[in-house]
Each structure stands twice: as C-alpha cells, then as structure tokens.
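These notes concern the structure reproduced below.
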Amino acid sequence: MTKKTPFLLYAIIAVAIGAMMIPTVIVLSVALVPTAVALIMERKKGWYGGVTVGSMNLAGTLPYLTDLWFKAHTIEAAVNIITSVLAWFMFYGCAAIGWAIYAVTPNVVSSFMAMTAGRQITSLRAKQRELVQTWGPDVEVIYEPEHLKAAAAAEKAATSAPMRTSVAAPASLG
Amino acid sequence: MAEPATQLRDLPAPQPAQATTPPPGPAAAPRPSGSFIVVRDRYTIYCDRPIPSLDMPNATAYEVTDRKQEGRAMYALVVRPDMTPRISVMRVLKGLEIAHVLHLVDWGVAEWPPAERKCVIVIYHRPMGGRVMDLKGGVFRRVPDHLFAKNIIKPLTDALNELALRGITHRAIRPDNLYYMDEARTNIVLGDCLTSSPAHDQPVAIEPIESGMSMPSGRGAGNVYDDLYAFGATLLMLSIGRDTLQGVPDDEILRRKVGQGSYATLVDDERPPMTVLECLRGLLADDPEQRWKTENVDLWLAGKRLTPIQAKAEKQARRALRIGDQEFNSLRPLSYALYTNWDKAMSIIADGTLEIWLRRQFDFNEMANAISSAIKTSYDLPGAQKGEADDLIISRILMILDPRAPVRLRNFRVNVDGFGPALAIAMMRKDKLKPFSDFITKELWRYFINAQTKPGPEHQQYEQTFRDLKNYMKDQSTGAGIERCVYELNEWQFCMSPMVADQYVMEVKAILPALDAASKSVNTKMWPVDRHIAAFLRARYAKGTSMQLDSMNDARADRSTIGMLSVLAIVQWRLGPEALYGLTSWVGGLMGPVISSYQNRNKRRELEREIPKFVRKGNLAELYNYLDNPEERQKDAEGFSWSRTEFNAADKQIYDLEHGQFDRQESALRLGRQAGAVCAGGIAFLTLVGCVLSKLF
C-alpha cells in the first residue's frame, strides 16, 4: 500500500501535465518512435543505444518543439508538424545518425587503443634491445605469467612421478 | 745465489796470461766458437777452450782468467743443466780456503753460449799436477809405502775433518777425483763435490753397501761415515795401484760386498801394504758404528795401534733358504737376492716359506709377524691392484730384512735423504715419476722409518716432511702435486717450467724477468703461470702468494685469470722489477675472461681501450688494480641487477599488451558506446540551447 501511493501521485501529475501539453506529446509520440525502438532493441546491452539514438532523435525533434512552444502550442500546430515530410525526415534522419554513432564509435575506439598498444610494445622492445646491447644476453629475464608457471610445474610433477610398473615375480617364486 | 752479472761477447777473445795457459791437450774438444763470457766483470771463461782432463762426469771444464789477478791458475766447471749441483754447499765453501780441498773461487749462474741457456758455473783453483789417478786407465803412480800415510792419508784426513767441522759431506771421494795442486805432485787435494748431486758419480765399489744399492741420483748427502768409507776404498785402490773391481758389474760387486764384506771384496786377490792394512780395515767396516772416524785415523797416524776391527758376523740359519739355484743362510744376502730376483720373490713370500724360515731358523718371531702384517695390510689398501700390491709387499719385506738398505721398488732404489735430488733429476730428465709418487702416497718412507731398529733424530723430520708431501700429492690444484714436492725437497732447484727452464731461475725475484724474456719466444696463448711456476712460488714464497694462487685455482675462468694476474702482480710489487713490458703485454692479452666478467659492454670496451696503456707502463700491479677495482665491480653488478629487473618488467608489460586483445575489444566497445552516448547527448543539448536561444532573440 505504501508503494502504490507515490505511483498514483506521479500518474496523476503526469496525466495533468500531459493534458496541459497535449500538442507536445503528440509531436513527441510520433518523433520518438526510433528512440523507443532503440531502447527496446538494445535493452540487454545497457542504455547506451537508447541514449545515443534518443539524444540524436531529440536533437532532430527540438527545432519543431521549440516552434510549437514559442509560436502556438496547439493541437493544430502539432498535427501540422507530424504531417510534414520534412519534419519526419528530420526526426528519423537524426535518429539514424544516432544509430550510426552508436554503431561506429566502438570500432573507432578499438582501433585507437590497438594503435596505442602497438606503439607501447615497440617502445618496450626498443628498451629491451638497448638493455641487451649494454648488458649482454644474460640480462634477458623472460616474464612467465603465474598461470603458465603453475601449469608447467604441474606438468613437470606429472612427468617426474615414478611410473608404476608391474614387476614380474621371479620364476622360482612361481 | 750469486748474481749472474754476466756479459756475453763474441770474438775477439782476450788472450789469457801466458802463465795460466795450459798446454793444449790432445783430447781437446772441437772448438765450437770463438766466444767467451765474463762473469762478475772479473772472470773470463773461454767457451772454446775446454780442458777435458779436468772434466767431471756432469760438468765440463774450461779455461778461466782472472782480470784482477792475472796469472792465477783457475778453471771453470760448467754443470750439465739436467743435474742438480750442490748449491747449498757452494754457498758454504765459496771463498773458504780449506787445506787439501780444491779451492772454490766463485760460482754463479751465467748464460753459456754453447748450451744456449744459463748454466751453473763453478770456478776452482786449477790443480797443476793433474789427477792422482787417470779416468780411463785407472792406473796410479804408487806412492812409496813409507810416504803413503804422510802424503796421502794425513792431508786427506785433515780435509775430511775440516769439512766435517762445517757440517759438509764430500760424497765424491774417489781415486779419479783427487788432484795434485802443484806440478811436483806433492800437495794432494779432494776434488770437486759440487757439480752433481751427492755421490751421484761414485762407482758402486767406492760407496758403502747401502749407498751403492741406491740409484746414483738417490744416494743422498749421507754422513761423514759414508765419506770415510769412500776414503777407505779410495786409499785401498791407491795403495794397490789399481781398481781391483774394474769391469765387474755393479750387481756382482754388491753381491760380493753383502756376502763377503767390503774389505774382502775390494781387496780381491791383491795384498795391500801392511802399513795401511789396519787403517783400511777400519775405514771399510760395513757397520757404520764400527767404522773408523777421523779421530781414529788421526790416532793411527800418530802411531797408536788400535784394536783390529772384526766384522760382526751375521746370525746364520742352520738350514738355508733356496732362491733359484742359490742358498742363503743370513738375512742381508737373502734380502739382496730377493731384490735381484724380484719376480720370483713373491713365490716364497706368498706361500709362507720366508715367514716359517725366519721363525724356525732364527726365532725372529717379531720379524715374521711384521712380514705377515705387511702382506695383509698391503692387500687391504684401497684400490690396490694385484701386481702393485705384490711390489709393495716385496719392497716392505726387503726393508724389514735389511733396514739399512735403501727403499727398493723394482728399479726404483732410493735412500730417504736422497729422494729429493733423485726426484729433481728424474723430472729434469723426463723420466717416469710414478715410483716417486708411489714412494710418497703409498708411504714407503713410513715403512722405511718403521723398519729401522734404532730410531734416528732425522726420522721425525722425515715423517713431518713426507706427511706434508703426501698432502701436496693429494691436492691436484696448480701449485701442488709432484711439482710442489720437488721444490719443497730441493732448496736450490731451479724452476723447471719449460718457459723459464733455460733461464735457470733459483730465486723468486728472478722469475718475472725470466718470464719477461720468455714472452718474446713462447706461445702467448699459454698462461705464464704453469704448474711448475705455481709450485715454485708456493715452495719459495708461500707467504706472499698463497692467497693469489688459491684464487688462480678458482673454477671460474675470470676469477682464475685475475688470480693468475694477481700472483704475478704481487711478486712484481714486492720484489720488482719496476717495468716488465713483455710480460705485461703477454698477460694483458690473456685478460679476456676478466674483461668478459664485466656485464656492461661499454665498460668492456673501455677496459679493452685502457689495457694497452698499462702494458706500455709495464706494471702488472697497476693493471691488476685497474681490472679488479671493487667499486667498478659493485657498480657493474648493481647495474646488471637493475637492468634484469627492468627487462623483466618490460617483458611483463609486453606480455600484457599482447595478450590483452580480448579485454581491449570489450573495453573498446564499452568505451565507444559511452563515447557515442555522450556525443549524442552533447549534440542534443547544444541543439536545445541553439533552438531556445534562436526563439528568444
């Protein structure tokens, strides 16, 4: 019971505001369809897809919304907007750009990170080469990760364990 | 040791003074060259003027002139390089004028052109009357009997007395080593005793039985009784006028001496003059305790008649023991027969015949028990092979049967005090050294001491010495082994390293100049400190070089190389000389392992650049200090350790970067999406702000 009271309150407030902003709601309900689709589609991968597409979708919707808010906040004006091809093009075009951003940025970041690591390895190898040139090959201490060390130790233990061999009884013992 | 102080010159040689020029002998050797050498800026020795009539078995005689005292008759004996001259006796006799002993004027080591090496040269007053008895003919111009005692026995007894007073044994008294100093042949003298090891050149007939049984090189300095015996034998031959045993093999002489006694053997069928008979019998007594001393001879010369010596008869067995076709009733002849029939000896030992014979015939139970014990313990020796154990048993039994005889092991026969010179000569002549090492390691010396019926004061010293030698033999490192033994036993043995042998180095301070000279001719890939040089330094200068030599034996190449350098450096630092260019260059070329011991390549290059500068200074100590600087070593070690850590850390980073591909893609996806959302959010916000502002203004 205690949990239902705030929800009802929010619902009443939302309906009241919605009633006052019907034109805006009309426009948004048509314009933010791609956002809703993105939220539904990417809900298992976190909110980044919805946020990206939604932000761009909203960015495409905002010029029409501000017209609506600052000129005539009427249902007629809202209908005019949602019936405009250009407006639809803006809504869905921006949403598509959002999708594109969402799809491309991980690859860009990955490439950048790979490039940085390669340069780091090259630099480390150069440093190692310099150490070998100054101190000779004895300076080379190869790093061996703990899990590989453990595996090698286990393998060694297995090979060095005495093999159980069957010993034939001397003939005299039958 | 006398300083070499030698000059070498070529022709023309100065002419010796007329008075000292000997008549050229018919047997003069062909003249090899016209050169001469000058020793101590005083004595000119003519390499091309040998005097064969004064040659010694191990030394060649040459003419000498004295620049300070022209007209003084002298000659030089140049000692064979493979002989050990008696340097310690030379040091005592130099300059001493002992009546009736050939006067040693000087001695030294000098470059000898005919041998193309350094040799020991001994300069004597020249005996103008020549030898008393010729070497070849063995004929002696007899002195009338009434003058024999006065002209021969008396002066030579005085000479022996004088030598004995100085603690010197002559050990070369024989008819052909007596000279007349004057042309009138009235002043008799004992000849040279310095150019060979003690008694080396003595015929078996002249030596006491025990000494005669030994190898010539292993007879030892002995004692005055040995000299008196040789004196007696010499007198006997001089009195008879010839060597009665000429042509008789040594084995036969010894067999006769052992069986019949020395006097009877030497007299043979001759009859010595009655006037000297008593003296000869006294001097030729086989038992040293019964043998006449010089006091007895003096008393006899003074006219006091002494009790005639009756040789103590050896105990005789009732029943003889047979070896081959010979029968023996007493121990000494049996012992000698066992030695001469070495391969048959084991048969009568192994079957117990000898032991039973000793028990039944002599009641020598203690001796029989000793033999039984010798057999048992010799077979129990670890690693003993049958043949070697048999030889050891025979050797021990011979010692038990005849304790005064030398230690005999097949062809190896040596008196304990002659072991040192014998070893040195065998090493110089590159003979087999196994019997010598067996003598030490199988403790033949101990069996010899144990076999002696009367403990002598020298036995304790032998025991101490040979115990030390055994320890050296056990040690296989450079500076120990048989080489160490030879230098410990022979105080004046020159260093026998092939690199410096021809420099005749007897003192530590001469070793570096010799190596410096050798650096021009030897293979410089070899180390300048070999087993001989290391052993020589250990024996002569252990206090100064012991730690360095230990370091030289380190298994690590760099430590051993720096150890070798430190050995040479410490000797140069303490004993000089200031600069050794050849040797420093040689050693500098061997410093590869030391340079490589530095890990830092830049440091190595620096060392390689710097070494030639030290070579130019010729100072080994500076080179050593530079190469083995502790601060530089520590710096290098710390730097290396730090670099290893750095390398390992870098390797770990590389591993992480190379093996973090999957993680990177995941994080790139996450970061990319975050970045996309942020960008899109930013664009939306900017659009909102732009639109609102455009409506407001």
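By order of appearance in the structure tokens: chains A, B, ..., then residues from 1 within every chain, and ligands from 1 in the order shown.
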
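By chain and then residue number, the residues within 8 Å of Leu583 (chain B) are Leu512, Leu515, Asp516, Ala517, Ser519 and Gly618 of chain B, counting only C-alpha atoms and disregarding those fewer than 5 positions away in sequence.
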
Nearby residues (only C-alpha atoms) at most 10 Å from Gln674 (chain B), same-chain spacing under 3 positions excluded, as a PDB file with C-alpha atoms, in the first residue's frame:
```pdb
ATOM      1  CA  TRP A  47      21.098   2.039 -22.068  1.00  0.00           C
ATOM      2  CA  TYR A  48      23.814   3.419 -24.325  1.00  0.00           C
ATOM      3  CA  GLY A  49      21.955   2.537 -27.554  1.00  0.00           C
ATOM      4  CA  VAL A  51      20.564   7.207 -25.012  1.00  0.00           C
ATOM      5  CA  THR A  52      22.563   7.740 -28.211  1.00  0.00           C
ATOM      6  CA  TYR A 102      26.248   4.041 -31.682  1.00  0.00           C
ATOM      7  CA  THR A 105      32.316   4.615 -32.080  1.00  0.00           C
ATOM      8  CA  PRO A 106      33.346   1.256 -30.503  1.00  0.00           C
TER       9      PRO A 106
ATOM     10  CA  ALA B 668      36.678  -0.524 -26.652  1.00  0.00           C
ATOM     11  CA  LEU B 669      33.012  -1.498 -27.133  1.00  0.00           C
ATOM     12  CA  ARG B 670      32.079  -0.173 -23.743  1.00  0.00           C
ATOM     13  CA  LEU B 671      34.104   2.980 -24.149  1.00  0.00           C
ATOM     14  CA  ALA B 677      26.095   8.420 -25.969  1.00  0.00           C
ATOM     15  CA  VAL B 678      27.999  11.361 -24.598  1.00  0.00           C
ATOM     16  CA  CYS B 679      28.482  12.830 -28.065  1.00  0.00           C
ATOM     17  CA  ALA B 680      24.832  12.364 -28.962  1.00  0.00           C
TER      18      ALA B 680
END
```

Interface, chain B side, toward chain A (8 Å; only C-alpha atoms) as a PyMOL selection string: chain B and resi 599-602+640+643-645+647-655+657+664-665+668-681+683-685+687-688+691-692+695

For the residues in that selection, give me N, CA and C atoms as a compact mmCIF listing (two decimals), in the first residue's frame.
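File written: selection_20.txt
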```txt
# COMPACT_ATOMS: atom_id res chain seq x y z
N GLN B 599 79.66 -7.14 -16.94
CA GLN B 599 78.46 -7.33 -17.76
C GLN B 599 78.24 -6.15 -18.71
N ASN B 600 78.66 -5.01 -18.26
CA ASN B 600 78.40 -3.82 -19.06
C ASN B 600 79.34 -3.77 -20.27
N ARG B 601 78.71 -3.80 -21.46
CA ARG B 601 79.52 -3.82 -22.69
C ARG B 601 80.31 -2.54 -22.86
N ASN B 602 79.77 -1.47 -22.41
CA ASN B 602 80.51 -0.21 -22.54
C ASN B 602 81.77 -0.25 -21.68
N PHE B 640 73.72 -4.34 -13.45
CA PHE B 640 73.23 -5.54 -14.13
C PHE B 640 71.93 -6.02 -13.47
N SER B 643 69.14 -3.81 -14.38
CA SER B 643 68.74 -3.99 -15.77
C SER B 643 67.93 -5.27 -15.97
N ARG B 644 68.27 -6.26 -15.23
CA ARG B 644 67.49 -7.51 -15.32
C ARG B 644 66.05 -7.26 -14.85
N THR B 645 65.94 -6.51 -13.79
CA THR B 645 64.61 -6.19 -13.27
C THR B 645 63.84 -5.38 -14.32
N PHE B 647 64.31 -5.33 -17.54
CA PHE B 647 63.98 -6.16 -18.70
C PHE B 647 62.75 -6.99 -18.40
N ASN B 648 62.74 -7.55 -17.20
CA ASN B 648 61.63 -8.41 -16.81
C ASN B 648 60.32 -7.61 -16.75
N ALA B 649 60.39 -6.41 -16.23
CA ALA B 649 59.19 -5.57 -16.13
C ALA B 649 58.68 -5.23 -17.53
N ALA B 650 59.61 -4.90 -18.43
CA ALA B 650 59.22 -4.58 -19.80
C ALA B 650 58.60 -5.79 -20.47
N ASP B 651 59.16 -6.94 -20.20
CA ASP B 651 58.64 -8.17 -20.79
C ASP B 651 57.22 -8.43 -20.29
N LYS B 652 57.02 -8.15 -19.04
CA LYS B 652 55.68 -8.36 -18.47
C LYS B 652 54.67 -7.41 -19.14
N GLN B 653 55.10 -6.17 -19.33
CA GLN B 653 54.22 -5.19 -19.97
C GLN B 653 53.89 -5.63 -21.39
N ILE B 654 54.91 -6.09 -22.09
CA ILE B 654 54.70 -6.54 -23.47
C ILE B 654 53.73 -7.72 -23.48
N TYR B 655 53.94 -8.62 -22.54
CA TYR B 655 53.05 -9.78 -22.47
C TYR B 655 51.61 -9.32 -22.25
N LEU B 657 50.29 -6.45 -22.91
CA LEU B 657 49.74 -5.74 -24.08
C LEU B 657 49.39 -6.72 -25.19
N ARG B 664 40.71 -5.76 -24.54
CA ARG B 664 40.74 -4.46 -25.21
C ARG B 664 39.48 -4.26 -26.07
N GLN B 665 39.04 -5.31 -26.74
CA GLN B 665 37.84 -5.17 -27.59
C GLN B 665 36.60 -4.89 -26.74
N ALA B 668 36.90 -1.45 -25.53
CA ALA B 668 36.68 -0.52 -26.65
C ALA B 668 35.18 -0.40 -26.95
N LEU B 669 34.45 -1.51 -26.89
CA LEU B 669 33.01 -1.50 -27.13
C LEU B 669 32.30 -0.64 -26.08
N ARG B 670 32.72 -0.88 -24.84
CA ARG B 670 32.08 -0.17 -23.74
C ARG B 670 32.39 1.33 -23.84
N LEU B 671 33.69 1.58 -24.06
CA LEU B 671 34.10 2.98 -24.15
C LEU B 671 33.48 3.68 -25.36
N GLY B 672 33.40 2.95 -26.47
CA GLY B 672 32.83 3.51 -27.70
C GLY B 672 31.36 3.86 -27.50
N ARG B 673 30.66 2.97 -26.88
CA ARG B 673 29.23 3.25 -26.66
C ARG B 673 29.05 4.43 -25.71
N GLN B 674 29.87 4.44 -24.69
CA GLN B 674 29.80 5.57 -23.76
C GLN B 674 30.10 6.87 -24.50
N ALA B 675 31.14 6.79 -25.30
CA ALA B 675 31.56 8.00 -26.03
C ALA B 675 30.45 8.43 -26.99
N GLY B 676 29.82 7.46 -27.68
CA GLY B 676 28.73 7.76 -28.62
C GLY B 676 27.57 8.43 -27.90
N ALA B 677 27.22 7.87 -26.73
CA ALA B 677 26.09 8.42 -25.97
C ALA B 677 26.40 9.84 -25.53
N VAL B 678 27.62 10.03 -25.06
CA VAL B 678 28.00 11.36 -24.60
C VAL B 678 27.95 12.36 -25.76
N CYS B 679 28.47 11.94 -26.90
CA CYS B 679 28.48 12.83 -28.07
C CYS B 679 27.04 13.19 -28.48
N ALA B 680 26.22 12.14 -28.54
CA ALA B 680 24.83 12.36 -28.96
C ALA B 680 24.12 13.28 -27.96
N GLY B 681 24.33 13.00 -26.67
CA GLY B 681 23.74 13.83 -25.62
C GLY B 681 24.19 15.27 -25.76
N ILE B 683 25.20 16.76 -28.49
CA ILE B 683 24.59 17.35 -29.69
C ILE B 683 23.15 17.78 -29.36
N ALA B 684 22.43 16.89 -28.64
CA ALA B 684 21.05 17.20 -28.29
C ALA B 684 20.98 18.45 -27.42
N PHE B 685 21.87 18.52 -26.47
CA PHE B 685 21.88 19.67 -25.57
C PHE B 685 22.18 20.97 -26.34
N THR B 687 21.70 21.51 -29.47
CA THR B 687 20.56 21.82 -30.34
C THR B 687 19.46 22.53 -29.54
N LEU B 688 19.22 21.99 -28.31
CA LEU B 688 18.20 22.59 -27.46
C LEU B 688 18.55 24.05 -27.15
N CYS B 691 18.19 26.20 -30.30
CA CYS B 691 16.80 26.46 -30.69
C CYS B 691 16.14 27.47 -29.75
N VAL B 692 16.38 27.24 -28.46
CA VAL B 692 15.76 28.14 -27.48
C VAL B 692 16.30 29.55 -27.66
N LYS B 695 14.84 31.35 -30.62
CA LYS B 695 13.46 31.80 -30.45
C LYS B 695 13.40 33.05 -29.55
```

Please provide the set of residues having any atom within 8 Å of region 237-242 of chain B, restricted to only C-alpha atoms, with same-chain residues fewer than 3 positions apart removed, written as a list of chain:residue names. B:Gly138, B:Val139, B:Phe140, B:Arg141, B:Arg142, B:Val143, B:Asp145, B:Phe148, B:Pro175, B:Ala233, B:Thr234, B:Glu270, B:Arg271, B:Pro272, B:Pro273

Convert the current residue selection to file output with C-alpha atoms, as a PDB file, in the first residue's frame.
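The result, written out as part_16.pdb:
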```pdb
ATOM      1  CA  GLY B 138     142.700 -46.379 -13.772  1.00  0.00           C
ATOM      2  CA  VAL B 139     146.436 -46.528 -13.204  1.00  0.00           C
ATOM      3  CA  PHE B 140     148.000 -44.844 -10.252  1.00  0.00           C
ATOM      4  CA  ARG B 141     151.638 -43.957  -9.862  1.00  0.00           C
ATOM      5  CA  ARG B 142     152.174 -45.544  -6.477  1.00  0.00           C
ATOM      6  CA  VAL B 143     153.448 -43.504  -3.630  1.00  0.00           C
ATOM      7  CA  ASP B 145     154.636 -47.092   1.266  1.00  0.00           C
ATOM      8  CA  PHE B 148     151.684 -43.047   1.790  1.00  0.00           C
ATOM      9  CA  PRO B 175     140.693 -42.028  -6.879  1.00  0.00           C
ATOM     10  CA  ALA B 233     138.003 -47.559  -0.570  1.00  0.00           C
ATOM     11  CA  THR B 234     139.994 -44.853  -2.345  1.00  0.00           C
ATOM     12  CA  GLU B 270     145.623 -58.262  -4.045  1.00  0.00           C
ATOM     13  CA  ARG B 271     147.624 -57.577  -0.927  1.00  0.00           C
ATOM     14  CA  PRO B 272     147.550 -54.008   0.291  1.00  0.00           C
ATOM     15  CA  PRO B 273     150.663 -52.739   2.070  1.00  0.00           C
TER      16      PRO B 273
END
```

DSSP helix (DSSP H, G or I) residues within region 291-352 of chain B, as an mmCIF file with N, CA and C atoms, in the first residue's frame:
```cif
data_model
loop_
_atom_site.group_PDB
_atom_site.id
_atom_site.type_symbol
_atom_site.label_atom_id
_atom_site.label_comp_id
_atom_site.auth_asym_id
_atom_site.auth_seq_id
_atom_site.Cartn_x
_atom_site.Cartn_y
_atom_site.Cartn_z
ATOM 1 N N THR B 294 137.455 -40.011 11.845
ATOM 2 C CA THR B 294 138.708 -39.314 11.533
ATOM 3 C C THR B 294 139.644 -39.291 12.738
ATOM 4 N N GLU B 295 139.046 -39.274 13.946
ATOM 5 C CA GLU B 295 139.876 -39.294 15.154
ATOM 6 C C GLU B 295 140.683 -40.594 15.207
ATOM 7 N N ASN B 296 140.019 -41.706 14.815
ATOM 8 C CA ASN B 296 140.716 -42.984 14.811
ATOM 9 C C ASN B 296 141.894 -42.947 13.834
ATOM 10 N N VAL B 297 141.637 -42.324 12.687
ATOM 11 C CA VAL B 297 142.702 -42.240 11.680
ATOM 12 C C VAL B 297 143.852 -41.381 12.218
ATOM 13 N N ASP B 298 143.469 -40.260 12.880
ATOM 14 C CA ASP B 298 144.491 -39.386 13.452
ATOM 15 C C ASP B 298 145.330 -40.136 14.480
ATOM 16 N N LEU B 299 144.637 -40.901 15.339
ATOM 17 C CA LEU B 299 145.359 -41.687 16.349
ATOM 18 C C LEU B 299 146.276 -42.698 15.687
ATOM 19 N N TRP B 300 145.751 -43.311 14.656
ATOM 20 C CA TRP B 300 146.546 -44.310 13.929
ATOM 21 C C TRP B 300 147.766 -43.652 13.290
ATOM 22 N N LEU B 301 147.537 -42.453 12.737
ATOM 23 C CA LEU B 301 148.660 -41.726 12.131
ATOM 24 C C LEU B 301 149.693 -41.329 13.180
ATOM 25 N N LEU B 331 120.372 -62.952 6.566
ATOM 26 C CA LEU B 331 119.299 -62.091 6.069
ATOM 27 C C LEU B 331 119.726 -61.116 4.981
ATOM 28 N N ARG B 332 120.883 -60.488 5.145
ATOM 29 C CA ARG B 332 121.251 -59.436 4.204
ATOM 30 C C ARG B 332 121.475 -59.972 2.781
ATOM 31 N N PRO B 333 122.236 -61.051 2.665
ATOM 32 C CA PRO B 333 122.371 -61.607 1.308
ATOM 33 C C PRO B 333 121.032 -62.069 0.747
ATOM 34 N N LEU B 334 120.195 -62.605 1.639
ATOM 35 C CA LEU B 334 118.872 -63.040 1.180
ATOM 36 C C LEU B 334 118.076 -61.839 0.665
ATOM 37 N N SER B 335 118.116 -60.764 1.434
ATOM 38 C CA SER B 335 117.392 -59.565 1.036
ATOM 39 C C SER B 335 117.865 -59.090 -0.339
ATOM 40 N N TYR B 336 119.202 -59.092 -0.522
ATOM 41 C CA TYR B 336 119.711 -58.624 -1.818
ATOM 42 C C TYR B 336 119.310 -59.578 -2.945
ATOM 43 N N ALA B 337 119.301 -60.884 -2.628
ATOM 44 C CA ALA B 337 118.903 -61.869 -3.647
ATOM 45 C C ALA B 337 117.424 -61.722 -3.991
ATOM 46 N N LEU B 338 116.607 -61.424 -2.978
ATOM 47 C CA LEU B 338 115.178 -61.208 -3.269
ATOM 48 C C LEU B 338 114.999 -60.000 -4.173
ATOM 49 N N TYR B 339 115.823 -58.980 -3.929
ATOM 50 C CA TYR B 339 115.723 -57.793 -4.769
ATOM 51 C C TYR B 339 116.138 -58.115 -6.213
ATOM 52 N N THR B 340 117.256 -58.829 -6.350
ATOM 53 C CA THR B 340 117.720 -59.109 -7.718
ATOM 54 C C THR B 340 116.829 -60.132 -8.430
ATOM 55 N N TRP B 342 113.413 -60.203 -8.243
ATOM 56 C CA TRP B 342 112.151 -59.581 -7.828
ATOM 57 C C TRP B 342 110.931 -60.430 -8.232
ATOM 58 N N ASP B 343 110.943 -60.891 -9.471
ATOM 59 C CA ASP B 343 109.742 -61.595 -9.944
ATOM 60 C C ASP B 343 109.546 -62.959 -9.284
ATOM 61 N N LYS B 344 110.646 -63.522 -8.751
ATOM 62 C CA LYS B 344 110.496 -64.817 -8.091
ATOM 63 C C LYS B 344 110.233 -64.638 -6.586
ATOM 64 N N ALA B 345 110.505 -63.439 -6.097
ATOM 65 C CA ALA B 345 110.458 -63.217 -4.645
ATOM 66 C C ALA B 345 109.092 -63.512 -4.058
ATOM 67 N N MET B 346 108.057 -63.148 -4.817
ATOM 68 C CA MET B 346 106.711 -63.268 -4.249
ATOM 69 C C MET B 346 106.334 -64.704 -3.959
ATOM 70 N N SER B 347 106.935 -65.622 -4.733
ATOM 71 C CA SER B 347 106.546 -67.023 -4.530
ATOM 72 C C SER B 347 106.917 -67.510 -3.126
ATOM 73 N N ILE B 348 108.117 -67.192 -2.650
ATOM 74 C CA ILE B 348 108.493 -67.673 -1.316
ATOM 75 C C ILE B 348 107.875 -66.822 -0.209
ATOM 76 N N ILE B 349 107.404 -65.643 -0.610
ATOM 77 C CA ILE B 349 106.725 -64.810 0.399
ATOM 78 C C ILE B 349 105.278 -65.273 0.551
ATOM 79 N N ALA B 350 104.623 -65.451 -0.615
ATOM 80 C CA ALA B 350 103.189 -65.764 -0.589
ATOM 81 C C ALA B 350 102.907 -67.123 0.052
#
```

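We find CA of Arg616 (chain B) and CA of Tyr598 (chain B) to be spaced 23.0 Å apart.
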
What's the 7 Å shell around Pro216 (chain B), counting only C-alpha atoms, without same-chain residues fewer than 4 positions away, as a short mmCIF file (atom, residue, chain, number, x, y, z; two decimals) with C-alpha atoms, in the first residue's frame?
```cif
data_model
loop_
_atom_site.label_atom_id
_atom_site.label_comp_id
_atom_site.auth_asym_id
_atom_site.auth_seq_id
_atom_site.Cartn_x
_atom_site.Cartn_y
_atom_site.Cartn_z
CA ALA B 199 127.54 -39.37 -4.54
CA HIS B 200 125.90 -39.35 -7.95
CA ASP B 201 129.14 -40.11 -9.78
#
```

Need the shell around region 535-546 of chain B: protein/DNA/RNA residues with any atom at most 12 Å away, counting only C-alpha atoms. Skip same-chain ones fewer than 3 positions apart. Format as a VMD selection string? chain B and resid 468 to 469 472 to 473 475 to 497 500 to 501 505 to 512 529 to 532 549 to 553 563 to 575

Please save C-alpha atoms of the selected residues as an mmCIF file, in the first residue's frame.
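Dumped to part39.cif:
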```
data_model
loop_
_atom_site.group_PDB
_atom_site.id
_atom_site.type_symbol
_atom_site.label_atom_id
_atom_site.label_comp_id
_atom_site.auth_asym_id
_atom_site.auth_seq_id
_atom_site.Cartn_x
_atom_site.Cartn_y
_atom_site.Cartn_z
ATOM 1 C CA ASP B 468 103.415 -32.669 4.107
ATOM 2 C CA LEU B 469 104.436 -34.044 0.737
ATOM 3 C CA TYR B 472 100.651 -31.886 -1.611
ATOM 4 C CA MET B 473 100.224 -35.027 -3.684
ATOM 5 C CA ASP B 475 95.989 -31.743 -3.836
ATOM 6 C CA GLN B 476 95.513 -31.690 -7.600
ATOM 7 C CA SER B 477 95.405 -27.925 -7.930
ATOM 8 C CA THR B 478 98.032 -25.855 -9.707
ATOM 9 C CA GLY B 479 100.903 -25.255 -7.316
ATOM 10 C CA ALA B 480 100.611 -28.634 -5.627
ATOM 11 C CA GLY B 481 101.288 -32.214 -6.718
ATOM 12 C CA ILE B 482 104.664 -33.695 -7.525
ATOM 13 C CA GLU B 483 105.934 -30.312 -8.741
ATOM 14 C CA ARG B 484 105.451 -28.814 -5.298
ATOM 15 C CA CYS B 485 107.243 -31.791 -3.762
ATOM 16 C CA VAL B 486 110.321 -31.307 -5.927
ATOM 17 C CA TYR B 487 110.702 -27.663 -4.963
ATOM 18 C CA GLU B 488 109.995 -28.311 -1.292
ATOM 19 C CA LEU B 489 112.638 -31.014 -1.174
ATOM 20 C CA ASN B 490 115.312 -29.182 -3.150
ATOM 21 C CA GLU B 491 116.006 -25.763 -1.754
ATOM 22 C CA TRP B 492 118.028 -24.627 -4.742
ATOM 23 C CA GLN B 493 116.228 -26.392 -7.521
ATOM 24 C CA PHE B 494 115.771 -24.062 -10.473
ATOM 25 C CA CYS B 495 112.269 -23.606 -11.810
ATOM 26 C CA MET B 496 111.675 -26.341 -14.365
ATOM 27 C CA SER B 497 108.826 -24.681 -16.213
ATOM 28 C CA VAL B 500 111.886 -20.359 -17.984
ATOM 29 C CA ALA B 501 113.971 -23.533 -17.587
ATOM 30 C CA VAL B 505 115.716 -19.377 -12.070
ATOM 31 C CA MET B 506 116.515 -20.316 -8.496
ATOM 32 C CA GLU B 507 115.110 -17.281 -6.722
ATOM 33 C CA VAL B 508 111.616 -15.844 -6.757
ATOM 34 C CA LYS B 509 112.783 -12.385 -7.719
ATOM 35 C CA ALA B 510 114.281 -13.763 -10.908
ATOM 36 C CA ILE B 511 111.092 -15.413 -12.092
ATOM 37 C CA LEU B 512 109.420 -12.316 -13.537
ATOM 38 C CA VAL B 529 101.984 -19.291 -14.502
ATOM 39 C CA ASP B 530 102.036 -23.020 -15.156
ATOM 40 C CA ARG B 531 102.163 -25.882 -12.638
ATOM 41 C CA HIS B 532 105.916 -25.546 -12.200
ATOM 42 C CA LEU B 549 97.489 -18.948 -6.028
ATOM 43 C CA ASP B 550 94.309 -20.171 -4.336
ATOM 44 C CA SER B 551 92.420 -17.635 -6.365
ATOM 45 C CA MET B 552 94.179 -18.857 -9.504
ATOM 46 C CA ASN B 553 92.711 -22.309 -8.877
ATOM 47 C CA GLY B 563 94.179 -14.803 -9.737
ATOM 48 C CA MET B 564 96.985 -15.530 -12.181
ATOM 49 C CA LEU B 565 97.465 -11.802 -12.749
ATOM 50 C CA SER B 566 97.439 -11.175 -9.001
ATOM 51 C CA VAL B 567 100.168 -13.800 -8.474
ATOM 52 C CA LEU B 568 102.450 -12.015 -10.909
ATOM 53 C CA ALA B 569 101.399 -8.557 -9.725
ATOM 54 C CA ILE B 570 102.165 -9.263 -6.078
ATOM 55 C CA VAL B 571 105.581 -10.646 -6.952
ATOM 56 C CA GLN B 572 106.387 -7.582 -9.047
ATOM 57 C CA TRP B 573 105.018 -5.234 -6.408
ATOM 58 C CA ARG B 574 107.089 -6.796 -3.647
ATOM 59 C CA LEU B 575 110.240 -7.898 -5.435
#
```

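Minimum atom-to-atom distances from A:Thr24, A:Arg43, A:Leu32, A:Phe91 to Ala77 (chain A) were compared using only C-alpha atoms, and the lowest value belongs to A:Thr24.
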